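Peer 1: The file below is entry26.txt, compact mmCIF, C-alpha atoms:
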```
# COMPACT_ATOMS: atom_id res chain seq x y z
CA MET A 1 -7.91 107.57 130.25
CA ALA A 2 -4.46 109.07 130.90
CA GLU A 3 -2.29 110.28 128.03
CA THR A 4 1.00 108.48 127.54
CA THR A 5 4.11 110.65 127.48
CA TYR A 6 6.99 109.50 125.32
CA SER A 7 10.66 110.44 125.51
CA ILE A 8 12.77 111.39 122.50
CA GLY A 9 12.89 108.44 120.11
CA GLU A 10 10.01 106.54 121.77
CA GLY A 11 6.39 105.91 120.91
CA PRO A 12 4.50 104.93 117.80
CA ALA A 13 5.27 106.59 114.49
CA THR A 14 3.20 109.60 113.57
CA ARG A 15 2.91 111.18 110.14
CA VAL A 16 4.09 114.79 109.80
CA SER A 17 4.61 117.11 106.87
CA LEU A 18 8.16 118.31 106.28
CA SER A 19 9.58 120.75 103.76
CA LEU A 20 13.27 120.57 102.83
CA PRO A 21 15.34 122.23 100.15
CA GLU A 22 15.39 119.91 97.11
CA GLY A 23 19.17 119.59 97.25
CA THR A 24 19.02 118.41 100.85
CA ALA A 25 16.28 115.89 100.06
CA GLU A 26 18.25 114.55 97.08
CA ALA A 27 21.41 114.24 99.19
CA ILE A 28 19.49 112.21 101.78
CA ARG A 29 17.96 109.94 99.12
CA ALA A 30 21.39 109.42 97.54
CA ARG A 31 22.87 108.49 100.91
CA VAL A 32 20.15 106.22 102.35
CA GLY A 33 17.66 105.53 99.60
CA LYS A 34 13.98 106.36 99.40
CA ARG A 35 12.86 103.66 101.84
CA GLU A 36 15.10 104.88 104.69
CA PHE A 37 14.41 108.59 104.20
CA SER A 38 12.05 108.94 107.18
CA ALA A 39 14.33 106.95 109.49
CA PHE A 40 17.26 109.19 108.53
CA ILE A 41 15.26 112.35 109.28
CA ALA A 42 13.99 110.92 112.58
CA ALA A 43 17.53 110.02 113.70
CA ALA A 44 18.85 113.46 112.75
CA VAL A 45 16.05 115.23 114.63
CA GLU A 46 16.56 113.02 117.69
CA ARG A 47 20.29 113.84 117.72
CA GLU A 48 19.52 117.55 117.49
CA LEU A 49 16.96 117.40 120.29
CA ARG A 50 19.29 115.45 122.57
CA GLY A 51 22.06 117.95 121.85
CA GLN A 52 19.79 120.84 122.73
CA VAL A 53 18.75 119.14 125.99
CA LEU A 54 22.42 118.63 126.89
CA ASP A 55 23.25 122.25 125.99
CA GLU A 56 20.39 123.49 128.19
CA TYR A 57 21.49 121.29 131.08
CA LEU A 58 25.10 122.47 130.81
CA ALA A 59 24.05 126.14 130.65
CA ASP A 60 21.86 125.68 133.73
CA TYR A 61 24.63 123.84 135.58
CA GLU A 62 27.18 126.54 134.77
CA TYR A 63 24.70 129.23 135.81
CA ARG A 64 24.24 127.54 139.19
CA LYS A 65 27.76 126.21 139.82
CA GLY A 66 30.13 128.17 137.57
CA PRO A 67 32.17 127.01 134.58
CA VAL A 68 32.97 123.33 134.18
CA SER A 69 36.70 122.66 134.55
CA GLU A 70 38.73 121.20 131.70
CA GLN A 71 39.37 118.11 133.83
CA ALA A 72 35.62 117.60 134.28
CA ARG A 73 35.05 118.09 130.53
CA GLN A 74 37.66 115.44 129.71
CA ARG A 75 36.08 113.01 132.19
CA ALA A 76 32.60 113.65 130.76
CA ARG A 77 33.92 113.04 127.23
CA GLN A 78 35.43 109.75 128.40
CA VAL A 79 32.16 108.65 130.03
CA PHE A 80 30.14 109.55 126.91
CA ASP A 81 32.59 107.68 124.70
CA GLU A 82 32.40 104.58 126.88
CA VAL A 83 28.67 104.50 127.53
CA PHE A 84 27.13 105.68 124.28
CA ALA A 85 29.62 104.06 121.92
CA GLU A 86 28.97 100.69 123.61
CA GLU A 87 25.24 101.08 123.27
CA ALA A 88 25.52 102.36 119.69
CA GLU A 89 23.19 105.17 120.74
CA TRP A 90 25.30 108.22 119.98
CA PRO A 91 28.63 108.48 118.19
CA ALA A 92 31.73 108.89 120.33
CA ALA A 93 32.77 112.47 121.01
CA SER A 94 35.61 113.80 118.92
```
Please express the file's structure as structure tokens.
Peer 2:
Amino acid sequence: MAETTYSIGEGPATRVSLSLPEGTAEAIRARVGKREFSAFIAAAVERELRGQVLDEYLADYEYRKGPVSEQARQRARQVFDEVFAEEAEWPAAS
């Protein structure tokens, strides 16, 4: 039987152990409540992973093609704002 590979944010939930500073844990509970704690952590980790993937892609692209122009950066920001804000996936770029 073949193993299923999941992308970031996909697949069934799996239980993991996580240690956080108490102040951080209390701040999360105060913001989202005890019942949404895991969902908050999962969303934060997914954002971080996606950001790292994008950073790696950009570094590789710039290594192969040279620096991205300011015009291209502005266009990319516009595309991200339009696509991801509509889908409520990622917040619009600032």
Peer 1: Out of A:Ser17, A:Gln74, A:Ser69, A:Ser7, which residue has the shortest atom-to-atom distance to Ser38 in chain A when counting all atoms listed in the file?
Peer 2: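 The answer is A:Ser17, which sits nearest to Ser38 in chain A.
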Peer 1: Determine the nearest neighbour of Phe80 in chain A from the options A:Val68, A:Leu20, A:Val32, A:Leu54, counting all atoms listed in the file.
Peer 2: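 Looking only at the distances to Phe80 in chain A, the closest residue turns out to be A:Leu54.
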Peer 1: Applying 12 Å and all atoms listed in the file, which residues near Ile8 in chain A remain after dropping the ones on its own chain fewer than 2 positions away? List them as a ChimeraX atom specification.
Peer 2: /A:5-6,10-13,42-53
Peer 1: Grab the CA of Ala30 in chain A to CA of Val16 in chain A distance for me, in Å with one decimal place.
Peer 2: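 Distance between the two atoms: 21.9 Å.
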Peer 1: Enter the distance from CA of Ala76 in chain A to CA of Ala59 in chain A, in Å, rounded to one decimal.
Peer 2: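 Result for CA of Ala76 in chain A versus CA of Ala59 in chain A: 15.1 Å, one decimal.
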